[in-house]
Every structure is written in structure tokens, then in C-alpha cells.
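The file start_6.txt comes next; it holds compact mmCIF, C-alpha atoms.
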# COMPACT_ATOMS: atom_id res chain seq x y z
CA MET A 1 -30.93 33.52 20.48
CA SER A 2 -28.61 32.22 23.20
CA THR A 3 -25.02 31.24 22.44
CA GLU A 4 -25.84 27.69 23.39
CA THR A 5 -28.57 27.34 20.76
CA VAL A 6 -26.23 28.93 18.23
CA SER A 7 -23.49 26.41 18.85
CA THR A 8 -25.96 23.50 18.83
CA ASP A 9 -27.45 24.68 15.53
CA VAL A 10 -24.02 25.15 14.02
CA ARG A 11 -22.83 21.80 15.27
CA ASP A 12 -25.86 19.96 13.89
CA TYR A 13 -25.67 21.65 10.51
CA LEU A 14 -21.90 21.09 10.31
CA ALA A 15 -22.27 17.42 11.20
CA ALA A 16 -24.97 16.97 8.57
CA VAL A 17 -22.83 18.55 5.84
CA MET A 18 -19.89 16.41 6.93
CA ARG A 19 -21.98 13.25 6.62
CA GLU A 20 -22.91 14.21 3.07
CA LEU A 21 -19.22 14.56 2.20
CA ALA A 22 -18.21 11.35 3.98
CA ASP A 23 -17.07 9.74 0.74
CA LEU A 24 -14.34 12.33 0.13
CA PRO A 25 -10.76 11.73 1.26
CA PRO A 26 -10.41 13.17 4.78
CA ALA A 27 -7.81 15.77 3.80
CA GLU A 28 -9.97 17.04 0.97
CA ARG A 29 -13.09 17.15 3.14
CA ASP A 30 -11.29 19.03 5.91
CA ASP A 31 -10.04 21.58 3.40
CA LEU A 32 -13.53 22.03 2.08
CA LEU A 33 -15.07 22.46 5.54
CA GLU A 34 -12.28 24.58 6.97
CA ASP A 35 -14.25 27.84 6.86
CA LEU A 36 -17.72 26.38 7.35
CA ASP A 37 -17.81 26.74 11.14
CA ASP A 38 -17.03 30.47 10.95
CA HIS A 39 -19.39 30.88 8.04
CA LEU A 40 -22.31 29.34 9.91
CA HIS A 41 -21.68 31.47 12.98
CA GLU A 42 -21.58 34.56 10.85
CA VAL A 43 -24.82 33.72 9.07
CA LEU A 44 -26.60 33.14 12.38
CA ALA A 45 -25.13 36.33 13.84
CA GLU A 46 -26.97 38.30 11.16
CA GLY A 47 -30.14 37.12 12.88
CA GLU A 48 -32.18 36.66 9.73
CA GLY A 49 -33.50 33.18 10.36
CA SER A 50 -32.23 29.66 10.99
CA LEU A 51 -29.37 28.10 9.07
CA GLU A 52 -31.79 25.98 7.04
CA GLN A 53 -33.82 29.04 6.12
CA ARG A 54 -30.75 30.95 5.07
CA LEU A 55 -28.66 28.26 3.44
CA GLY A 56 -31.12 25.50 2.58
CA PRO A 57 -30.91 21.92 3.84
CA PRO A 58 -27.40 20.61 4.68
CA ALA A 59 -27.57 18.04 1.88
CA MET A 60 -28.14 20.81 -0.66
CA TYR A 61 -25.35 22.91 0.83
CA ALA A 62 -22.98 19.94 0.64
CA ALA A 63 -23.95 19.19 -2.96
CA GLU A 64 -23.43 22.82 -3.98
CA LEU A 65 -20.09 22.99 -2.19
CA ARG A 66 -18.97 19.80 -3.87
CA THR A 67 -19.99 20.83 -7.38
CA SER A 68 -18.55 24.31 -7.17
CA ALA A 69 -15.28 22.96 -5.76
CA GLY A 70 -15.07 20.73 -8.83
CA LEU A 71 -15.32 17.44 -6.96
CA ALA A 72 -17.13 14.33 -8.15
CA SER A 73 -20.75 14.10 -7.12
CA ALA A 74 -21.82 11.36 -4.75
CA THR A 75 -24.44 9.92 -7.04
CA THR A 76 -25.05 6.47 -5.68
CA GLN A 77 -24.42 3.89 -8.33
CA GLY A 78 -25.36 0.95 -6.18
CA LYS A 79 -23.05 -0.73 -3.76
CA SER A 80 -21.83 -3.48 -6.04
CA THR A 81 -18.15 -3.90 -6.79
CA ALA A 82 -18.67 -2.69 -10.34
CA GLY A 83 -20.42 0.42 -9.00
CA LEU A 84 -17.53 1.05 -6.67
CA LEU A 85 -15.10 0.69 -9.57
CA HIS A 86 -17.08 3.19 -11.61
CA ARG A 87 -17.16 5.61 -8.69
CA THR A 88 -13.42 5.26 -8.15
CA ILE A 89 -12.76 5.98 -11.80
CA ASP A 90 -15.13 8.94 -11.59
CA ALA A 91 -13.30 10.30 -8.57
CA MET A 92 -9.96 9.94 -10.30
CA SER A 93 -11.28 11.47 -13.48
CA SER A 94 -11.25 14.95 -11.96
CA SER A 95 -7.65 15.25 -13.16
CA GLY A 96 -6.85 15.56 -16.86
CA LEU A 97 -4.93 12.43 -17.84
CA TRP A 98 -7.16 10.25 -15.70
CA ARG A 99 -10.26 11.70 -17.26
CA ARG A 100 -9.12 10.82 -20.74
CA THR A 101 -8.14 7.29 -19.67
CA ALA A 102 -11.30 6.72 -17.67
CA GLU A 103 -13.65 8.04 -20.32
CA HIS A 104 -11.97 6.13 -23.09
CA PRO A 105 -14.47 3.62 -24.52
CA SER A 106 -12.12 0.70 -23.95
CA THR A 107 -11.84 1.51 -20.23
CA ARG A 108 -15.61 1.60 -19.87
CA ALA A 109 -15.92 -1.60 -21.88
CA THR A 110 -13.41 -3.32 -19.59
CA LEU A 111 -15.28 -2.18 -16.48
CA ASP A 112 -18.57 -3.37 -17.91
CA PHE A 113 -16.98 -6.70 -18.80
CA LEU A 114 -15.62 -7.41 -15.30
CA PRO A 115 -18.94 -8.61 -13.81
CA GLN A 116 -19.06 -11.32 -16.47
CA LEU A 117 -15.95 -12.84 -14.89
CA ARG A 118 -17.75 -13.48 -11.62
CA PRO A 119 -18.56 -17.17 -12.33
CA ALA A 120 -14.83 -17.76 -12.92
CA TRP A 121 -14.18 -16.32 -9.48
CA TRP A 122 -16.80 -18.61 -7.93
CA ILE A 123 -14.99 -21.65 -9.31
CA LEU A 124 -11.59 -20.28 -8.33
CA ARG A 125 -12.61 -19.62 -4.75
CA ALA A 126 -14.04 -23.12 -4.35
CA TRP A 127 -10.62 -24.46 -5.31
CA LEU A 128 -8.92 -21.96 -2.99
CA ALA A 129 -11.12 -23.17 -0.13
CA ILE A 130 -9.78 -26.69 -0.69
CA GLU A 131 -6.24 -25.35 -0.79
CA PHE A 132 -6.96 -23.54 2.45
CA ILE A 133 -8.13 -26.73 4.14
CA ALA A 134 -5.03 -28.53 2.91
CA ALA A 135 -2.78 -25.74 4.15
CA ALA A 136 -4.46 -25.52 7.54
CA GLN A 137 -3.98 -29.23 7.97
CA HIS A 138 -0.25 -29.06 8.63
CA LEU A 139 0.13 -25.42 9.38
CA ARG A 140 3.21 -25.73 11.56
CA TYR A 141 4.91 -28.03 9.12
CA HIS A 142 4.14 -25.73 6.21
CA PHE A 143 5.64 -22.67 7.78
CA ALA A 144 8.91 -24.49 8.31
CA VAL A 145 9.12 -26.29 5.00
CA GLY A 146 6.91 -24.41 2.55
CA PHE A 147 3.76 -25.31 0.75
CA ARG A 148 5.21 -27.14 -2.19
CA GLU A 149 4.74 -30.63 -0.85
CA ASP A 150 1.08 -30.62 0.03
CA LEU A 151 -0.48 -28.00 -2.17
CA GLY A 152 -0.95 -28.33 -5.87
CA LEU A 153 -3.82 -28.63 -8.29
CA LEU A 154 -5.32 -31.36 -6.15
CA PRO A 155 -3.82 -31.16 -2.68
CA GLN A 156 -3.45 -33.99 -0.20
CA ILE A 157 -6.17 -33.85 2.42
CA ALA A 158 -6.17 -36.44 5.16
CA GLY A 159 -3.42 -38.14 3.20
CA SER A 160 -5.39 -38.55 0.01
CA ARG A 161 -5.96 -36.54 -3.15
CA TYR A 162 -9.36 -38.21 -3.60
CA VAL A 163 -10.60 -36.39 -0.50
CA SER A 164 -9.81 -33.07 -2.14
CA VAL A 165 -11.68 -34.11 -5.29
CA LEU A 166 -14.69 -35.00 -3.16
CA LEU A 167 -14.52 -31.71 -1.24
CA LEU A 168 -14.19 -29.78 -4.49
CA VAL A 169 -17.35 -31.43 -5.81
CA ILE A 170 -19.15 -30.23 -2.66
CA ALA A 171 -17.56 -26.76 -2.54
CA LEU A 172 -18.25 -25.83 -6.17
CA PRO A 173 -22.07 -25.77 -6.03
CA ILE A 174 -21.93 -24.01 -2.64
CA SER A 175 -19.67 -21.29 -3.97
CA ILE A 176 -21.85 -20.81 -7.05
CA ALA A 177 -25.02 -20.69 -4.95
CA ILE A 178 -23.47 -18.05 -2.71
CA GLY A 179 -22.42 -16.07 -5.77
CA ARG A 180 -25.83 -16.17 -7.43
CA GLY A 181 -27.83 -15.34 -4.30
CA THR A 182 -28.39 -11.94 -2.76
CA HIS A 183 -27.24 -11.49 0.80
CA ARG A 184 -27.51 -8.83 3.40
CA GLY A 185 -26.16 -7.98 6.83
CA GLY A 186 -24.13 -10.63 8.63
CA ALA A 187 -24.14 -13.08 5.73
CA ARG A 188 -22.72 -10.40 3.47
CA LEU A 189 -19.92 -9.68 5.93
CA LEU A 190 -19.18 -13.38 6.28
CA ILE A 191 -18.89 -13.77 2.51
CA LEU A 192 -16.61 -10.73 2.34
CA VAL A 193 -14.30 -12.24 4.96
CA GLY A 194 -14.33 -15.54 3.06
CA ASN A 195 -13.47 -13.79 -0.19
CA ILE A 196 -10.59 -11.95 1.43
CA LEU A 197 -9.27 -15.21 2.87
CA ALA A 198 -9.52 -16.77 -0.59
CA VAL A 199 -7.55 -13.92 -2.15
CA VAL A 200 -4.85 -14.28 0.52
CA MET A 201 -4.76 -18.03 -0.06
CA MET A 202 -4.13 -17.37 -3.73
CA VAL A 203 -0.49 -16.51 -3.04
CA PRO A 204 0.75 -19.82 -1.57
CA ALA A 205 -1.61 -21.82 -3.80
CA VAL A 206 -0.32 -20.27 -7.01
CA MET A 207 3.26 -20.47 -5.76
CA ALA A 208 2.74 -24.17 -5.09
CA LEU A 209 1.39 -24.63 -8.63
CA ARG A 210 4.54 -23.07 -9.98
CA GLY A 211 6.62 -25.41 -7.84
CA THR A 212 8.13 -22.58 -5.88
CA THR A 213 8.31 -22.67 -2.13
CA TYR A 214 7.23 -19.32 -0.93
CA PHE A 215 7.64 -19.31 2.81
CA GLU A 216 11.04 -20.90 2.77
CA THR A 217 12.90 -17.72 1.93
CA ASP A 218 11.79 -15.65 4.88
CA GLN A 219 11.68 -18.44 7.43
CA VAL A 220 15.18 -19.89 7.16
CA ALA A 221 16.03 -22.28 9.95
CA PRO A 222 19.33 -21.39 11.65
CA GLN A 223 22.06 -23.43 9.99
CA GLU A 224 24.66 -25.29 11.93
CA GLY A 225 28.33 -25.03 11.16
CA LEU A 226 30.63 -22.40 9.76
CA PHE A 227 29.74 -20.23 6.81
CA TYR A 228 31.64 -17.66 4.84
CA ASN A 229 29.62 -15.56 2.41
CA GLY A 230 26.92 -18.22 2.48
CA ARG A 231 29.31 -21.03 1.59
CA PRO A 232 29.85 -23.75 4.19
CA ILE A 233 33.38 -23.97 5.55
CA THR A 234 34.53 -27.50 6.25
CA ASN A 235 38.05 -26.82 7.47
CA ILE A 236 40.36 -23.97 8.46
CA TYR A 237 44.09 -23.72 7.74
CA PRO A 238 45.70 -21.14 10.02
CA TYR A 239 49.01 -19.48 9.16
CA ASP A 240 51.17 -17.24 11.30
CA ALA A 241 52.39 -13.81 10.33
CA GLN A 242 55.57 -15.22 8.77
CA GLY A 243 53.49 -17.47 6.52
CA HIS A 244 54.20 -20.71 8.37
CA PRO A 245 51.32 -23.19 8.67
CA LEU A 246 50.02 -23.65 12.23
CA ASP A 247 48.68 -26.82 13.78
CA HIS A 248 46.32 -27.29 16.70
CA VAL A 249 44.76 -23.86 16.58
CA ARG A 250 41.56 -23.49 18.53
CA LEU A 251 38.93 -20.97 17.51
CA PHE A 252 36.39 -19.21 19.74
CA ASP A 253 33.75 -16.64 19.00
CA SER A 254 33.14 -13.49 21.00
CA ASP A 255 31.06 -15.43 23.53
CA GLY A 256 33.86 -17.90 24.18
CA GLN A 257 32.00 -20.62 22.29
CA TYR A 258 33.80 -23.22 20.19
CA VAL A 259 33.83 -22.50 16.54
CA THR A 260 33.39 -25.80 14.77
CA PRO A 261 32.62 -26.66 11.18
CA LEU A 262 29.54 -28.60 10.07
CA PRO A 263 29.14 -31.72 12.21
CA ASN A 264 28.40 -34.13 9.38
CA MET A 265 28.81 -32.68 5.99
CA THR A 266 28.56 -35.21 3.22
CA VAL A 267 29.06 -33.86 -0.24
CA LEU A 268 28.13 -36.26 -2.97
CA ASP A 269 29.42 -35.63 -6.42
CA GLY A 270 26.86 -34.31 -8.85
CA THR A 271 26.17 -37.45 -10.85
CA GLY A 272 26.96 -40.18 -8.38
CA GLN A 273 28.59 -41.78 -11.39
CA GLY A 274 32.28 -41.69 -10.55
CA GLY A 275 31.32 -43.29 -7.28
CA VAL A 276 33.35 -40.77 -5.35
CA ALA A 277 31.90 -38.68 -2.58
CA PHE A 278 33.93 -36.09 -0.77
CA ALA A 279 33.04 -35.52 2.81
CA THR A 280 35.17 -32.99 4.60
CA PRO A 281 35.07 -33.66 7.46
CA THR A 282 33.21 -36.89 7.09
CA VAL A 283 30.53 -38.45 9.23
CA ALA A 284 33.36 -40.21 10.95
CA ALA A 285 34.93 -36.94 12.01
CA ALA A 286 31.66 -35.79 13.51
CA THR A 287 30.84 -38.95 15.34
CA VAL A 288 34.29 -39.90 16.53
CA PHE A 289 35.64 -36.56 17.70
CA PRO A 290 34.04 -34.71 20.58
CA ASP A 291 33.52 -30.97 20.21
CA GLU A 292 36.89 -30.12 21.82
CA GLN A 293 38.72 -32.14 19.22
CA ARG A 294 36.66 -30.76 16.42
CA ASN A 295 37.80 -27.34 17.55
CA ASP A 296 41.37 -28.20 16.58
CA PHE A 297 42.37 -26.67 13.26
CA PRO A 298 43.23 -27.74 10.73
CA GLN A 299 41.19 -30.89 11.08
CA PRO A 300 42.24 -34.17 9.53
CA ASN A 301 41.05 -34.04 5.96
CA VAL A 302 39.15 -37.29 5.73
CA VAL A 303 37.69 -38.45 2.44
CA THR A 304 35.29 -41.27 2.01
CA VAL A 305 35.75 -43.12 -1.23
CA TYR A 306 33.02 -45.43 -2.41
CA SER A 307 33.98 -48.37 -4.48
CA ASP A 308 31.84 -49.60 -7.38
CA ASN A 309 29.85 -51.95 -5.16
CA GLY A 310 29.17 -49.08 -2.71
CA THR A 311 31.47 -49.99 0.20
CA PRO A 312 33.09 -46.87 1.68
CA THR A 313 36.75 -46.62 2.60
CA THR A 314 38.13 -43.56 4.34
CA ALA A 315 41.51 -41.99 3.75
CA VAL A 316 43.24 -38.96 5.23
CA LEU A 317 44.29 -36.56 2.51
CA PRO A 318 47.50 -34.55 2.85
CA ARG A 319 47.13 -30.92 3.83
CA PRO A 320 46.50 -28.78 0.74
CA SER A 321 49.57 -26.73 -0.07
CA PHE A 322 49.02 -23.00 0.01
CA THR A 323 51.74 -20.46 -0.41
CA VAL A 324 51.02 -17.80 2.14
CA ALA A 325 53.11 -14.62 1.95
CA PRO A 326 54.27 -13.19 5.30
CA LEU A 327 52.50 -10.01 6.45
CA PRO A 328 54.44 -6.82 5.58
CA SER A 329 54.79 -5.98 9.29
CA ALA A 330 55.72 -9.53 10.30
CA SER A 331 59.52 -9.05 10.07
CA ALA A 332 59.45 -5.77 11.98
CA SER A 333 57.57 -6.89 15.08
CA PRO A 334 57.54 -10.25 16.80
CA THR A 335 54.34 -12.25 16.95
CA PRO A 336 52.26 -10.67 19.71
CA THR A 337 51.24 -12.89 22.54
CA PRO A 338 47.57 -12.55 23.43
CA SER A 339 47.19 -10.77 26.74
CA ALA A 340 44.01 -12.49 27.76
CA SER A 341 42.84 -15.93 26.87
CA PRO A 342 39.12 -16.39 26.25
CA SER A 343 37.27 -18.19 28.99
CA LEU A 344 36.38 -21.69 27.93
CA ASN A 345 32.85 -22.89 27.97
CA PRO A 346 32.33 -26.14 29.78
CA MET B 1 -34.75 33.96 -16.82
CA ASP B 2 -33.18 31.99 -13.99
CA THR B 3 -30.04 33.83 -13.00
CA THR B 4 -28.66 30.90 -10.99
CA GLN B 5 -28.09 29.05 -14.26
CA LEU B 6 -26.26 32.04 -15.72
CA LEU B 7 -24.24 32.48 -12.54
CA LYS B 8 -22.77 29.01 -12.75
CA GLY B 9 -20.75 29.93 -15.81
CA VAL B 10 -19.44 33.21 -14.55
CA LEU B 11 -19.01 32.70 -10.80
CA ASP B 12 -15.27 32.15 -11.18
CA LEU B 13 -14.87 35.50 -12.89
CA ALA B 14 -17.18 37.21 -10.39
CA VAL B 15 -15.17 35.90 -7.43
CA LEU B 16 -11.88 36.82 -9.10
CA ALA B 17 -13.20 40.34 -9.80
CA VAL B 18 -14.27 40.85 -6.19
CA LEU B 19 -10.87 39.69 -4.91
CA HIS B 20 -9.09 41.80 -7.52
CA GLU B 21 -10.70 44.82 -5.94
CA HIS B 22 -9.27 43.82 -2.58
CA ASP B 23 -8.59 40.65 -0.56
CA GLY B 24 -11.42 39.13 1.42
CA TYR B 25 -12.51 36.14 3.53
CA GLY B 26 -15.24 33.70 2.51
CA TYR B 27 -18.34 35.37 3.82
CA ASP B 28 -17.01 38.79 2.90
CA VAL B 29 -16.84 37.63 -0.73
CA VAL B 30 -20.44 36.36 -0.50
CA ARG B 31 -21.62 39.73 0.84
CA ARG B 32 -19.76 41.78 -1.72
CA LEU B 33 -21.13 39.68 -4.58
CA ARG B 34 -24.67 40.20 -3.25
CA GLU B 35 -24.10 43.93 -2.75
CA ALA B 36 -22.87 44.11 -6.33
CA GLY B 37 -26.23 42.73 -7.47
CA LEU B 38 -25.68 38.97 -7.67
CA GLU B 39 -28.35 38.35 -5.05
CA ASP B 40 -28.98 34.72 -5.97
CA VAL B 41 -25.42 33.60 -5.37
CA GLY B 42 -25.27 30.58 -3.05
CA ASP B 43 -23.01 30.62 -0.02
CA ALA B 44 -21.76 27.12 -0.64
CA SER B 45 -21.02 27.91 -4.30
CA VAL B 46 -18.80 30.81 -3.31
CA TYR B 47 -16.93 28.79 -0.69
CA GLY B 48 -16.50 25.90 -3.12
CA THR B 49 -15.32 28.24 -5.87
CA LEU B 50 -12.78 29.83 -3.52
CA ARG B 51 -11.46 26.40 -2.59
CA ARG B 52 -11.18 25.35 -6.25
CA LEU B 53 -9.49 28.56 -7.39
CA PHE B 54 -7.08 28.24 -4.46
CA GLN B 55 -6.27 24.67 -5.39
CA ALA B 56 -5.78 25.68 -9.01
CA GLY B 57 -3.08 28.06 -7.80
CA ALA B 58 -4.92 31.28 -8.66
CA LEU B 59 -5.25 32.53 -5.08
CA THR B 60 -3.06 33.11 -2.08
CA SER B 61 -4.47 32.74 1.39
CA TYR B 62 -3.49 33.96 4.83
CA VAL B 63 -5.07 33.93 8.25
CA VAL B 64 -5.88 37.22 9.93
CA PRO B 65 -6.36 37.05 13.68
CA SER B 66 -9.26 39.08 14.96
CA GLU B 67 -9.76 40.40 18.47
CA GLU B 68 -13.39 39.40 18.74
CA GLY B 69 -14.60 36.34 16.90
CA PRO B 70 -12.69 33.70 14.97
CA HIS B 71 -9.50 34.07 12.96
CA ARG B 72 -10.36 34.60 9.35
CA LYS B 73 -8.86 33.08 6.27
CA TYR B 74 -8.36 35.78 3.66
CA TYR B 75 -7.95 35.13 -0.03
CA GLY B 76 -6.25 37.30 -2.62
CA LEU B 77 -5.18 37.08 -6.27
CA ASN B 78 -1.64 36.06 -7.13
CA ALA B 79 0.08 36.51 -10.50
CA HIS B 80 -1.55 33.41 -11.94
CA GLY B 81 -4.92 34.55 -10.62
CA ARG B 82 -4.53 37.91 -12.37
CA ASP B 83 -3.66 36.09 -15.61
CA VAL B 84 -6.74 33.87 -15.25
CA MET B 85 -8.86 36.92 -14.58
CA ALA B 86 -7.50 38.81 -17.61
CA LEU B 87 -8.20 35.83 -19.85
CA SER B 88 -11.68 35.24 -18.39
CA THR B 89 -12.51 38.94 -18.74
CA LYS B 90 -11.58 38.82 -22.42
CA THR B 91 -13.70 35.70 -22.94
CA TRP B 92 -16.63 37.26 -21.10
CA ARG B 93 -16.45 40.54 -23.05
CA GLY B 94 -16.38 38.67 -26.34
CA PHE B 95 -19.31 36.51 -25.26
CA ALA B 96 -21.32 39.46 -23.93
CA ASP B 97 -20.71 41.42 -27.15
CA THR B 98 -21.87 38.47 -29.23
CA MET B 99 -25.01 38.11 -27.14
CA ASP B 100 -25.67 41.88 -27.28
CA HIS B 101 -25.27 41.84 -31.01
CA LEU B 102 -27.55 38.84 -31.35
CA ILE B 103 -30.26 40.31 -29.14
CA THR B 104 -30.08 43.75 -30.78
CA LYS B 105 -30.36 42.21 -34.23
CA GLY B 106 -33.31 40.09 -33.11
CA ALA B 107 -35.06 43.09 -31.56
CA THR B 108 -34.67 45.32 -34.63
CA ALA B 109 -35.57 42.69 -37.17
Here is the file; what I need is its structure written in the form of C-alpha cells.
Amino acid sequence: MSTETVSTDVRDYLAAVMRELADLPPAERDDLLEDLDDHLHEVLAEGEGSLEQRLGPPAMYAAELRTSAGLASATTQGKSTAGLLHRTIDAMSSSGLWRRTAEHPSTRATLDFLPQLRPAWWILRAWLAIEFIAAAQHLRYHFAVGFREDLGLLPQIAGSRYVSVLLLVIALPISIAIGRGTHRGGARLLILVGNILAVVMMVPAVMALRGTTYFETDQVAPQEGLFYNGRPITNIYPYDAQGHPLDHVRLFDSDGQYVTPLPNMTVLDGTGQGGVAFATPTVAAATVFPDEQRNDFPQPNVVTVYSDNGTPTTAVLPRPSFTVAPLPSASASPTPTPSASPSLNP
Amino acid sequence: MDTTQLLKGVLDLAVLAVLHEHDGYGYDVVRRLREAGLEDVGDASVYGTLRRLFQAGALTSYVVPSEEGPHRKYYGLNAHGRDVMALSTKTWRGFADTMDHLITKGATA
């Protein structure tokens, strides 16, 4: 027998055994087959017949290897989801605790019960399809704002909730028909993709039902203005090292850009009852002052007061009085003069 | 009587006994089992058993490079393996005695 035939025989037999063990986790299968290549060469080297004659068909070899290694057998239980679940449980049951859990009557009963829930899924996915259409409608808008506005039990489609009712009436029998039928090949794949999409859609749809915006949290639009620990800053009161208040201080960031507070921050009081709204700085400050003047701290503390009939009057409040202690080093060294001034942006 | 059925129950002990004698690689264990009289032992069963005993922590393994041919993976008993073997031996002896007794009684009755 030439070396070439030997290696071809070994390769074919090895590949066939591997196919039989395809359902095992790769690491486990590799472990199991680690010595097989050498083994097959050795058997052939004895020159007492082909591999099949010596070891039996590859499928039998694989089955024997699997059983003696204490691994679950690949008995095909059908390719349904329930069958897959049973097989998964079987595979897990090779370890002690899992075996007891998996073989417990209640576990088996639960697994056997799952297929009965399929009609519920058919109804659910019809609804999810409608939610999907509604979400796809304003996709760009939704990613900025969240799904709360347009999703819900009956979402707005083409501006009307009646459209979604109509679509639901159409989608329900289709979904049920798909569920009850048997499919193969391309249709099966298509249904699988649809089901996966429906499961994914479940997240925003359920979030919308709960009135929670889901996408808002991780897609925050950049906020204008100054913030400190998440709280908007409406004014800045600079003090020098001796604790004296400073006027006309201009602030720049590391890029030489103006640092300005929120352009038009209007804070209404919680109830609207007292009729007083504090806006610091007010709309007036934002519209009247150009950016250069808004970068002049502290800014005039303007308050808009609404009278009972709703007419606003603005007033400049006095500077809030802080007591600022001088820095410990302030008396020892004079106030340093900055050596370089930041370049101003046009 | 089909010995393959009997073998299934005692293959662990047979493999442990062979390795207790001295360390060996997969096919070496197969050969030694056959030479000892277990002619029906299946190659795959021995390899699978070695893998399972190794994973159960009863065996050590090491690779021995060989000048001609492939590097071989040798197996040997560790402390746990010797404990398993001692316990299995005791179980086997008790079982064999019981069977002997049963058969002898049946034959003389």
C-alpha cells in the first residue's frame, strides 16, 4: 500500500468520524479526535486490511467513541424547536446537578408544555410586525427621540391608529397560517429571519408599552451650555485669591473657545401657580447679548416675573452674596499674572 | 455469551489495570488488552474510555516524541486513578465472588 493511499484512507475515515461528531462542541470533539489520526495510521501499518474492515464503519466508530467517552448520543429527535430543547437538556445532563434538574418530572412537563404556547407566539408576532412597520416609518426620528410617541398597543401608521387595526386584522391570519403550515428550504429560512426580527422588535415595543423610552439613554444629543456634574450652570461668580469678587472675567476652554452658559434657559416653577418663573439668564440675555458679551462673568442676573394676567416684566437681581475665604497661599504670594493669553476665536 | 456486553461494565477497570502495570499510549492500551485475552475490545471504546478517565481526573498524560512516526500521547495513573482502581477492584472481586458462588451453587444443585 503506498503512503498516498494510506493518507487518503485515513483522511476519508477521519472526516467521516468528524461528521458524525459534528454536534459536539468543537473543543470536546477535538479532544476526542486528538489521537485518532495516529491511531488510524497505526492500524493501517499493521497491514491487516482496510480501516473499515478493522474498525467497522466510521459511523459505528464515532458512536462507540461517543458512548465510551460518556457523551450524549446524537439520536435525532426531529429538528423542531422542542426537539432541540430536549437535546440541549440531554447534552447538559451529562453533569450531575443538571441531570437531576433535567430529569425532574416538572422540567420534562415544562418542555412538553412549551409547544402548546405556539399559537400565542403567532398572535404576538403579528402584533410585533405591526410595531415593526410603525417603527420603520420614522426610523430616523425614532432613534433621536425614542419609540414612546409612536409605538404602543395600537401604533400610529400613516398618521392613524385605524390603519394599524386594519393591518393587524390582515397580519393575524397570515401569521397563524404560517405557523400551522409545514415549510422547507427557503421559506423556512425566511420565516426564521422573520421570527428573529420579531424577537428583536419585542424590546422597543415592550418598552413603549411600559412608557419608557429605550433609545434615549444611549443616544443623547450633545447639550448646549455649561454643565457641572450634570446640572446646568446659568452663571459664574469668579473670586480672586484674596476672596474679592471679580467682574468682567472671560472664560475660555482649552481650544480657545468661549465658555458661555445656556443660551436661553427658562426655568418655570413647578406648579406654575405662583406665577413666577426664574430664567437665569433669560431669553432676553440670550437674544440681546452677542456671544462676546455673554462670555463676561458674572452675567447680569435677570429674572422674568410674570404677573397674574401673564405679562412678563424683567428685573436685574443683585449679585448673590457669598463669603469666599482667601486661599491659604494668597497672602504669601502675589496674584500671578498669566504668561500667555489664549488666542481668541473670531 | 456475548463478551462485548460484559466488557462494557468492566472496561474502565481493565484500562486502569493495564495502565497500572505501566504507562501507555492509546493503541498500546488496545494491544495490551487484546494480548491479555480481551480480544473483542473495540478500538473506539478504549480511546473513549481513556478520554473519559482523563477528564474525570484519574489519569495523567504526556507527549513522548518519537524519532520515526508521530509523537505519542501517553497516559498513566495518578493518585486519584489508583484510588479509583482500588475501589473498582474491590467491587469487581465482590461481584465475581457472588457470581462464582451463584454458579457453583446452581451447578451442584
Residue with smallest distance to chain B - pool A:Asp30, A:Glu42, A:Leu111, A:Glu20, counting only C-alpha atoms:
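Closest to chain B, using only C-alpha atoms: A:Glu42.
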What's the 12 Å shell around Glu21 of chain B, counting all atoms listed in the file, without same-chain residues fewer than 2 positions away, as a ChimeraX atom specification?
/B:14-19,23-24,29,32-33,75-77,82,85
Would you kindly identify which residues have an atom no farther than 10 Å from (-12.1, -22.9, -2.3), using all atoms listed in the file and the file's own coordinates, and write them out as a VMD selection string?
chain A and resid 121 to 133 167 to 168 171 to 172 174 to 175 194 to 195 197 to 198 201 to 202
Using all atoms listed in the file, determine which residues of chain A fall within 9 Å of chain B; present them as a CSV table (one decimal) with C-alpha atoms, keeping the file's coordinate frame.
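Printed below is result-v7.csv as written:
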chain,number,residue,atom,x,y,z
A,31,ASP,CA,-10.0,21.6,3.4
A,32,LEU,CA,-13.5,22.0,2.1
A,35,ASP,CA,-14.2,27.8,6.9
A,36,LEU,CA,-17.7,26.4,7.4
A,38,ASP,CA,-17.0,30.5,11.0
A,39,HIS,CA,-19.4,30.9,8.0
A,42,GLU,CA,-21.6,34.6,10.8
A,43,VAL,CA,-24.8,33.7,9.1
A,55,LEU,CA,-28.7,28.3,3.4
A,60,MET,CA,-28.1,20.8,-0.7
A,61,TYR,CA,-25.4,22.9,0.8
A,62,ALA,CA,-23.0,19.9,0.6
A,63,ALA,CA,-24.0,19.2,-3.0
A,64,GLU,CA,-23.4,22.8,-4.0
A,65,LEU,CA,-20.1,23.0,-2.2
A,66,ARG,CA,-19.0,19.8,-3.9
A,67,THR,CA,-20.0,20.8,-7.4
A,68,SER,CA,-18.6,24.3,-7.2
A,69,ALA,CA,-15.3,23.0,-5.8
A,70,GLY,CA,-15.1,20.7,-8.8
A,71,LEU,CA,-15.3,17.4,-7.0
Let me make sure I understand: among B:Tyr74, B:Leu102, B:Glu67, B:Leu13, which one has the smallest atom-to-atom distance to Ala86 of chain B if we use only C-alpha atoms?
B:Leu13
For each of B:Val63, B:Ala96, B:Ala58, B:Val30, take the minimum atom-to-atom distance to Ala79 of chain B, counting all atoms listed in the file, then give the residue where this is smallest.
B:Ala58
Quick one, how far is atom CA of Gly106 of chain B from atom CA of Leu6 of chain B?
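Interatomic distance here is 20.4 Å.
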Between atom CA of Val193 of chain A and atom CA of Ile178 of chain A, measure the distance and give it in Å to one decimal.
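Between atom CA of Val193 of chain A and atom CA of Ile178 of chain A the gap is 13.3 Å.
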Report, in Å to a single decimal, how far apart atom CA of Leu226 of chain A and atom CA of Asp253 of chain A are.
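About the pair atom CA of Asp253 of chain A and atom CA of Leu226 of chain A: they are 11.3 Å apart.
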